[in-house]
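See structure below.
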Number of protein chains: 2
Amino acid sequence: MSHKLLVLTRDNQAYYDALAKHDLPQLTVLDDSPNSVFEANIWLAEPKLAAPLLAHASKLVWMQSTFAGVDALMNHRRHTGYQLTNIKNLFGPMMSEYVFGHVLALYRHHTKYSQLQRNSHWQALPLNQLRGKRLVLLGTGDIGQHLCNTAHQFGVEVVGVNRTGRAQAPFDVTLSIEQLDTVLPSADLVVCVLPSTDETVNLFNKHRLQLLKPGAIFVNVGRGDLVDEQALILHLSLNPTSHAILDVFKQEPLPEDNPLWKCQNAILTPHVAAPSTTEDVVQQFVDNYHRFISEQPLSNRVSFALGY
Amino acid sequence: MSHKLLVLTRDNQAYYDALAKHDLPQLTVLDDSPNSVFEANIWLAEPKLAAPLLAHASKLVWMQSTFAGVDALMNHRRHTGYQLTNIKNLFGPMMSEYVFGHVLALYRHHTKYSQLQRNSHWQALPLNQLRGKRLVLLGTGDIGQHLCNTAHQFGVEVVGVNRTGRAQAPFDVTLSIEQLDTVLPSADLVVCVLPSTDETVNLFNKHRLQLLKPGAIFVNVGRGDLVDEQALILHLSLNPTSHAILDVFKQEPLPEDNPLWKCQNAILTPHVAAPSTTEDVVQQFVDNYHRFISEQPLSNRVSFALGY
């Protein structure tokens, strides 16, 4: 049995180079000609690039997404009939660096100390410790678990929120998304690493943002569509001591005239919290390919019913 | 038996208020009149304020330092004849917040992303992960151990350095200070939490700073006199990709005309990495006071021979 692989990414050459370093028996890597879409039974693809071609994927049996987020492939006419796997366990450490780096920068007054340094001015500001604070963390998968462990190392209590509310280590408490409103008013920090599903779109609307206490920090590193951006802009202007740290947006790149750019109490980054490196993604593909050819269950399968 | 306490801090009233909240049997808290120096058998004191008065401390049997660093009390004519205790286990979490907050800010380009945001410009910068880096951490006591655990959570390898080189959990490797030069060239990060002793003054001189690889980050949150500041200024100007993060200085407040203020690749803060709160210090004093009156060994005793 021989297999044919289609690579569909924004930098196919990097993937071809990385694949060439591995032993992949019975696998032919196809070129990017249109014909390859019809011929390939395996796709290694970015979800947004793969979605418009799915209708022509007559031989597709397995798609390895190069991302964690696969929402572009949901709600598609052809959303079954093939196995979909995504990338897991790569992003936790990078997300911890991003989230805690930015949160600590706010807590420990980096910007103000930098201004004081420019003026050669020795002045201590009030200590604002992360220790003892409460984090409400939406998403209890591998990324959420890594963030939770990092929070614990800093002495932060962590309430996990997931779809069903089932208990999940290492969270101190786990609630269902229906219970979110009961816990939001007590949060010092809210961090979203949820996938995008029908239930999570605009989860942070005007009503939920109003539940946050003044001074709370809201972090979105999940999906841009979890947040009603107009409501967030209003919330931030009404609560000058509150902050938002945003790496994802409804429209990316964020348009130059979007007023979020100019929010004084928002920190914006261009979807860089946890990029996957080609080598890491290819390694997960290779591991799964060996499972595929030996007919073992694939790792990191996505449920089309749940959307993640 | 009744005991008499002298409080010697920059904010005695805060200490009186905090002490009043505790049950301290057989203890009289003296006022700050000069006579109290002669009368008190217990001092709760900042080392620098206590040192000049030690010659008159005729009844002193126990001094609880309000700081971790007690070097001001070493090399004093009267450096024995009383028990000295210091503050421990408070500073690790605060030091972790300070060190990893600032290190992550550099690794993850906070300043550059902030500039891009001001220009409403969507542009990803190269990912520079903390994960997989090597930290050489000077000081393996309770602060160093907390920093080491935090580094491990971020996937950083940690080489601990202490006086004797004795192994210490949770460090990956422990070396003696005599072996420091062999490991410095391999460090991505160097963090100093050493106390000030005769052996550590100017430890980071021109020779040792030259051993650091270009781009390495040097962090001093221990004592200002560990670093030859002139040599550090030269090192930073010769290595524009290297950075220093400095919370402590030879002279504090750092004089306005000190050229360190203007180093482009130095981040300076005014000795704020790990301040002790009055309540936390008083709690450690109270715990020790109960040991004192029941004739149990005091916690956190300082060795006059070792200087810490």
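By convention in this document, the chains of the structure tokens carry letters A, B, ... by their order, each chain's residues are numbered from 1, and ligands are numbered from 1 in the order they are shown.
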Residues of region 114-281 of chain B classed as helix (DSSP H, G or I) by DSSP on the backbone are to be reported as a PyMOL selection string.
chain B and resi 114-118+142-153+177-186+206-211+224-226+229-238+259-262+278-281
Dump of N, CA and C atoms for the selected residues, as a short mmCIF file (atom, residue, chain, number, x, y, z; two decimals), in the first residue's frame:
data_model
loop_
_atom_site.label_atom_id
_atom_site.label_comp_id
_atom_site.auth_asym_id
_atom_site.auth_seq_id
_atom_site.Cartn_x
_atom_site.Cartn_y
_atom_site.Cartn_z
N SER B 114 5.14 46.80 21.78
CA SER B 114 4.46 48.01 22.24
C SER B 114 4.65 49.14 21.23
N GLN B 115 5.86 49.24 20.67
CA GLN B 115 6.09 50.26 19.62
C GLN B 115 5.24 49.97 18.39
N LEU B 116 5.18 48.70 18.00
CA LEU B 116 4.37 48.34 16.83
C LEU B 116 2.89 48.68 17.07
N GLN B 117 2.42 48.42 18.31
CA GLN B 117 1.03 48.75 18.63
C GLN B 117 0.78 50.26 18.49
N ARG B 118 1.72 51.06 18.99
CA ARG B 118 1.53 52.52 18.88
C ARG B 118 1.39 52.96 17.43
N ASP B 142 16.71 29.30 49.89
CA ASP B 142 15.27 29.21 49.61
C ASP B 142 14.84 30.07 48.42
N ILE B 143 15.48 31.22 48.22
CA ILE B 143 15.13 32.06 47.06
C ILE B 143 15.56 31.36 45.76
N GLY B 144 16.80 30.88 45.75
CA GLY B 144 17.30 30.18 44.57
C GLY B 144 16.47 28.96 44.22
N GLN B 145 16.02 28.25 45.25
CA GLN B 145 15.21 27.05 45.00
C GLN B 145 13.87 27.41 44.35
N HIS B 146 13.25 28.50 44.82
CA HIS B 146 11.99 28.90 44.20
C HIS B 146 12.20 29.31 42.75
N LEU B 147 13.26 30.08 42.51
CA LEU B 147 13.58 30.48 41.13
C LEU B 147 13.83 29.25 40.26
N CYS B 148 14.51 28.26 40.83
CA CYS B 148 14.81 27.03 40.08
C CYS B 148 13.53 26.30 39.71
N ASN B 149 12.60 26.19 40.64
CA ASN B 149 11.32 25.51 40.33
C ASN B 149 10.55 26.27 39.25
N THR B 150 10.58 27.59 39.32
CA THR B 150 9.88 28.38 38.30
C THR B 150 10.55 28.17 36.94
N ALA B 151 11.88 28.19 36.93
CA ALA B 151 12.62 27.95 35.67
C ALA B 151 12.25 26.59 35.09
N HIS B 152 12.18 25.57 35.95
CA HIS B 152 11.81 24.23 35.47
C HIS B 152 10.42 24.23 34.84
N GLN B 153 9.47 24.96 35.45
CA GLN B 153 8.13 25.03 34.89
C GLN B 153 8.16 25.61 33.47
N ILE B 177 31.52 27.78 43.72
CA ILE B 177 31.81 29.09 43.15
C ILE B 177 33.18 29.09 42.45
N GLU B 178 34.08 28.20 42.88
CA GLU B 178 35.37 28.10 42.19
C GLU B 178 35.21 27.56 40.76
N GLN B 179 34.10 26.84 40.51
CA GLN B 179 33.88 26.27 39.18
C GLN B 179 33.06 27.20 38.27
N LEU B 180 32.74 28.39 38.80
CA LEU B 180 31.84 29.29 38.06
C LEU B 180 32.33 29.58 36.64
N ASP B 181 33.64 29.83 36.51
CA ASP B 181 34.17 30.24 35.20
C ASP B 181 33.96 29.15 34.13
N THR B 182 33.89 27.89 34.55
CA THR B 182 33.74 26.82 33.57
C THR B 182 32.33 26.79 32.99
N VAL B 183 31.35 27.29 33.71
CA VAL B 183 29.96 27.16 33.26
C VAL B 183 29.41 28.47 32.67
N LEU B 184 30.03 29.61 33.00
CA LEU B 184 29.49 30.89 32.53
C LEU B 184 29.37 30.98 31.01
N PRO B 185 30.35 30.45 30.23
CA PRO B 185 30.24 30.61 28.77
C PRO B 185 29.03 29.89 28.16
N SER B 186 28.45 28.95 28.89
CA SER B 186 27.31 28.20 28.34
C SER B 186 25.97 28.76 28.79
N LYS B 206 35.41 42.37 35.35
CA LYS B 206 35.62 42.41 33.90
C LYS B 206 35.89 41.01 33.34
N HIS B 207 36.73 40.25 34.03
CA HIS B 207 37.09 38.91 33.57
C HIS B 207 35.86 38.01 33.42
N ARG B 208 35.01 37.96 34.47
CA ARG B 208 33.87 37.05 34.41
C ARG B 208 32.79 37.54 33.44
N LEU B 209 32.62 38.84 33.35
CA LEU B 209 31.63 39.35 32.39
C LEU B 209 32.04 39.01 30.96
N GLN B 210 33.36 38.99 30.72
CA GLN B 210 33.84 38.64 29.37
C GLN B 210 33.56 37.18 29.03
N LEU B 211 33.35 36.33 30.04
CA LEU B 211 33.06 34.92 29.78
C LEU B 211 31.65 34.70 29.28
N GLY B 224 24.21 44.62 45.61
CA GLY B 224 24.84 45.49 44.62
C GLY B 224 26.33 45.29 44.49
N ASP B 225 27.00 44.93 45.62
CA ASP B 225 28.46 44.86 45.54
C ASP B 225 28.99 43.58 44.90
N LEU B 226 28.09 42.71 44.39
CA LEU B 226 28.54 41.52 43.65
C LEU B 226 29.09 41.90 42.28
N GLU B 229 30.44 47.67 38.65
CA GLU B 229 29.51 48.40 37.77
C GLU B 229 30.20 49.01 36.56
N GLN B 230 31.43 49.48 36.74
CA GLN B 230 32.16 50.04 35.58
C GLN B 230 32.39 48.96 34.53
N ALA B 231 32.77 47.77 35.00
CA ALA B 231 33.01 46.66 34.06
C ALA B 231 31.71 46.26 33.37
N LEU B 232 30.60 46.32 34.09
CA LEU B 232 29.31 45.94 33.49
C LEU B 232 28.90 46.96 32.42
N ILE B 233 29.11 48.23 32.70
CA ILE B 233 28.77 49.26 31.70
C ILE B 233 29.58 49.03 30.42
N LEU B 234 30.86 48.74 30.57
CA LEU B 234 31.71 48.45 29.41
C LEU B 234 31.20 47.21 28.66
N HIS B 235 30.91 46.14 29.41
CA HIS B 235 30.41 44.90 28.82
C HIS B 235 29.13 45.14 28.02
N LEU B 236 28.21 45.92 28.56
CA LEU B 236 26.94 46.15 27.87
C LEU B 236 27.13 47.00 26.62
N SER B 237 28.08 47.92 26.66
CA SER B 237 28.27 48.75 25.47
C SER B 237 28.99 47.96 24.38
N LEU B 238 29.81 47.00 24.76
CA LEU B 238 30.50 46.17 23.76
C LEU B 238 29.62 45.07 23.22
N PRO B 259 26.16 56.41 35.13
CA PRO B 259 25.89 56.11 33.71
C PRO B 259 25.04 54.86 33.48
N LEU B 260 24.88 54.00 34.49
CA LEU B 260 24.00 52.83 34.32
C LEU B 260 22.58 53.24 33.91
N TRP B 261 22.10 54.35 34.46
CA TRP B 261 20.74 54.81 34.14
C TRP B 261 20.52 54.88 32.63
N LYS B 262 21.56 55.25 31.91
CA LYS B 262 21.40 55.53 30.48
C LYS B 262 21.79 54.36 29.58
N THR B 278 5.45 44.45 56.19
CA THR B 278 5.54 44.51 57.64
C THR B 278 4.83 43.32 58.29
N GLU B 279 3.66 43.00 57.77
CA GLU B 279 2.89 41.90 58.36
C GLU B 279 3.64 40.57 58.27
N ASP B 280 4.26 40.32 57.10
CA ASP B 280 4.99 39.07 56.92
C ASP B 280 6.19 38.99 57.85
N VAL B 281 6.90 40.11 57.98
CA VAL B 281 8.08 40.12 58.84
C VAL B 281 7.66 39.92 60.30
#
Leaving out region 58-75 of chain B and any residue of its chain fewer than 5 positions from it, which residues lie within 6 Å of it when counting only C-alpha atoms, given as a list in words?
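Here the qualifying residues turn out to be Phe38, Asn41, Ile42, Trp43, Leu44, Ala45, Glu46, Pro47, Lys48, Ala51, Tyr82, Gln83, Leu84, Thr85, Asn86 and Ile87 of chain B.
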Determine, using only C-alpha atoms, which residues of chain A have any atom at most 8 Å from an atom of chain B, and tabulate each with its shortest atom pair and distance in Å to one decimal place, rows ordered by chain and then rising number, as a Markdown table.
| residue | atom | partner | partner_atom | distance |
| --- | --- | --- | --- | --- |
| A:Pro93 | CA | B:Phe154 | CA | 6.3 |
| A:Met94 | CA | B:Gln129 | CA | 7.1 |
| A:Ser96 | CA | B:Phe154 | CA | 7.5 |
| A:Glu97 | CA | B:Leu104 | CA | 6.5 |
| A:Tyr98 | CA | B:Arg108 | CA | 7.2 |
| A:Phe100 | CA | B:Gly101 | CA | 7.2 |
| A:Gly101 | CA | B:Gly101 | CA | 5.1 |
| A:His102 | CA | B:Ala105 | CA | 7.2 |
| A:Leu104 | CA | B:Gly101 | CA | 5.1 |
| A:Ala105 | CA | B:Gly101 | CA | 5.9 |
| A:Arg108 | CA | B:Tyr98 | CA | 7.2 |
| A:His110 | CA | B:His102 | CA | 7.9 |
| A:Tyr113 | CA | B:Thr269 | CA | 6.4 |
| A:Ser114 | CA | B:Ile267 | CA | 7.4 |
| A:Gln117 | CA | B:Trp261 | CA | 6.0 |
| A:Arg118 | CA | B:Lys262 | CA | 7.0 |
| A:Ser120 | CA | B:Glu256 | CA | 5.4 |
| A:His121 | CA | B:Glu256 | CA | 6.9 |
| A:Trp122 | CA | B:Pro270 | CA | 5.6 |
| A:Gln123 | CA | B:Pro270 | CA | 6.3 |
| A:Ala124 | CA | B:Pro270 | CA | 5.9 |
| A:Leu127 | CA | B:Val272 | CA | 7.8 |
| A:Gln129 | CA | B:Met94 | CA | 7.1 |
| A:Leu130 | CA | B:Glu97 | CA | 7.4 |
| A:Arg131 | CA | B:Pro93 | CA | 7.2 |
| A:Asn149 | CA | B:Gln153 | CA | 7.6 |
| A:Thr150 | CA | B:Gln153 | CA | 6.3 |
| A:Gln153 | CA | B:Thr150 | CA | 6.3 |
| A:Phe154 | CA | B:Pro93 | CA | 6.3 |
| A:Gly155 | CA | B:Pro93 | CA | 7.5 |
| A:Pro253 | CA | B:Trp122 | CA | 6.2 |
| A:Leu254 | CA | B:Trp122 | CA | 6.9 |
| A:Glu256 | CA | B:Ser120 | CA | 5.4 |
| A:Asp257 | CA | B:Ser120 | CA | 7.8 |
| A:Trp261 | CA | B:Ser120 | CA | 5.6 |
| A:Lys262 | CA | B:Arg118 | CA | 7.0 |
| A:Ile267 | CA | B:Ser114 | CA | 7.4 |
| A:Leu268 | CA | B:Gln117 | CA | 6.4 |
| A:Thr269 | CA | B:Tyr113 | CA | 6.4 |
| A:Pro270 | CA | B:Trp122 | CA | 5.7 |
| A:His271 | CA | B:Ala124 | CA | 7.7 |
| A:Val272 | CA | B:Ala124 | CA | 6.5 |
| A:Pro275 | CA | B:Leu127 | CA | 7.8 |
Got a sec: who's within 7 Å of region 156-164 of chain B, counting only C-alpha atoms, leaving out chain neighbours fewer than 6 positions off, as a list in words?
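Contacts, with the query itself left out: Leu130, Arg131, Gly132, Lys133, Arg134, Leu135, Val136, Leu137, Leu138, Gly139, Thr140, Cys148, Phe171, Asp172, Val173, Thr174, Leu175, Ser176 and Ile177 of chain B.
Straight-line separation from CA of Asn239 (chain A) to CA of Val227 (chain A): 16.9 Å.
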Identify, with DSSP run on backbone atoms, the residues in region 38-282 of chain B assigned to strand (DSSP E or B), and express the list as a VMD selection string.
chain B and resid 42 to 45 62 to 65 83 to 85 134 to 138 157 to 162 173 to 176 189 to 192 204 217 to 220 227 243 to 246 266 to 268
Write out the residues from the selection above, keeping C-alpha atoms, as a CSV table (one decimal), in the first residue's frame.
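Result went into selection-v9.csv, see below:
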chain,number,residue,atom,x,y,z
B,42,ILE,CA,15.4,41.7,71.8
B,43,TRP,CA,15.7,43.9,68.7
B,44,LEU,CA,13.5,43.8,65.6
B,45,ALA,CA,15.7,45.8,63.3
B,62,TRP,CA,18.5,38.1,70.1
B,63,MET,CA,18.1,40.3,67.0
B,64,GLN,CA,15.5,39.5,64.4
B,65,SER,CA,16.5,41.2,61.2
B,83,GLN,CA,21.7,35.4,68.2
B,84,LEU,CA,20.9,36.8,64.9
B,85,THR,CA,17.9,35.6,62.8
B,134,ARG,CA,20.2,27.3,30.4
B,135,LEU,CA,20.2,29.3,33.6
B,136,VAL,CA,23.2,29.6,35.9
B,137,LEU,CA,21.8,30.6,39.3
B,138,LEU,CA,24.2,31.8,42.0
B,157,GLU,CA,17.8,23.8,32.7
B,158,VAL,CA,19.3,25.2,35.9
B,159,VAL,CA,22.9,25.0,37.1
B,160,GLY,CA,23.1,26.1,40.8
B,161,VAL,CA,26.2,27.6,42.2
B,162,ASN,CA,27.0,27.8,45.9
B,173,VAL,CA,23.6,20.4,38.6
B,174,THR,CA,25.3,22.2,41.5
B,175,LEU,CA,28.8,23.6,41.2
B,176,SER,CA,31.0,25.4,43.6
B,189,LEU,CA,20.8,33.5,31.7
B,190,VAL,CA,22.8,34.3,34.8
B,191,VAL,CA,20.8,35.2,38.0
B,192,CYS,CA,22.6,36.3,41.2
B,204,PHE,CA,31.2,39.8,38.4
B,217,ILE,CA,21.0,38.1,30.1
B,218,PHE,CA,22.6,39.0,33.5
B,219,VAL,CA,20.3,39.5,36.4
B,220,ASN,CA,21.3,40.8,39.9
B,227,VAL,CA,29.1,43.5,40.4
B,243,HIS,CA,21.1,42.6,28.6
B,244,ALA,CA,21.4,43.3,32.4
B,245,ILE,CA,18.4,43.4,34.7
B,246,LEU,CA,19.5,45.1,37.9
B,266,ALA,CA,20.1,47.6,31.1
B,267,ILE,CA,16.8,47.5,32.9
B,268,LEU,CA,17.0,49.2,36.3
Between CA of Asp247 (chain B) and CA of Leu194 (chain B), what is the distance in Å, rounded to a tenth?
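If I compute the distance from CA of Asp247 (chain B) to CA of Leu194 (chain B), I get 13.2 Å.
Here CA of Val286 (chain A) stands at a distance of 29.1 Å from CA of Ala169 (chain A).
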Write out as a ChimeraX atom specification each polymer residue whose atoms come within 8 Å of Arg223 (chain B), counting only C-alpha atoms; drop sequence neighbours fewer than 4 positions from it.
/B:193-196,248-250
Please dump the current selection as a compact mmCIF listing (two decimals), in the first residue's frame; keep N, CA and C atoms.
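Full text of again_31.txt as output:
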# COMPACT_ATOMS: atom_id res chain seq x y z
N VAL B 193 21.51 35.63 43.29
CA VAL B 193 20.79 35.89 44.53
C VAL B 193 21.70 35.63 45.72
N LEU B 194 23.00 35.81 45.50
CA LEU B 194 23.96 35.55 46.57
C LEU B 194 23.90 36.63 47.63
N PRO B 195 24.22 36.25 48.88
CA PRO B 195 24.41 37.28 49.91
C PRO B 195 25.75 37.98 49.66
N SER B 196 25.93 39.10 50.35
CA SER B 196 27.20 39.81 50.24
C SER B 196 28.15 39.28 51.31
N VAL B 248 19.62 45.92 42.35
CA VAL B 248 20.46 46.32 43.49
C VAL B 248 21.75 46.94 42.96
N PHE B 249 22.30 47.87 43.75
CA PHE B 249 23.42 48.68 43.28
C PHE B 249 24.39 48.91 44.43
N LYS B 250 25.64 49.28 44.08
CA LYS B 250 26.64 49.55 45.12
C LYS B 250 26.16 50.68 46.01
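For Asn35 (chain B), the non-local neighbours within 12 Å, defined as residues at least 2 positions apart in the same chain or in other chains and counting only C-alpha atoms, are Lys4, Leu6, Leu30, Asp31, Asp32, Ser33, Val37, Phe38, Glu39, Ala40, Leu53, His56, Ala57, Ser58 and Lys59 of chain B.
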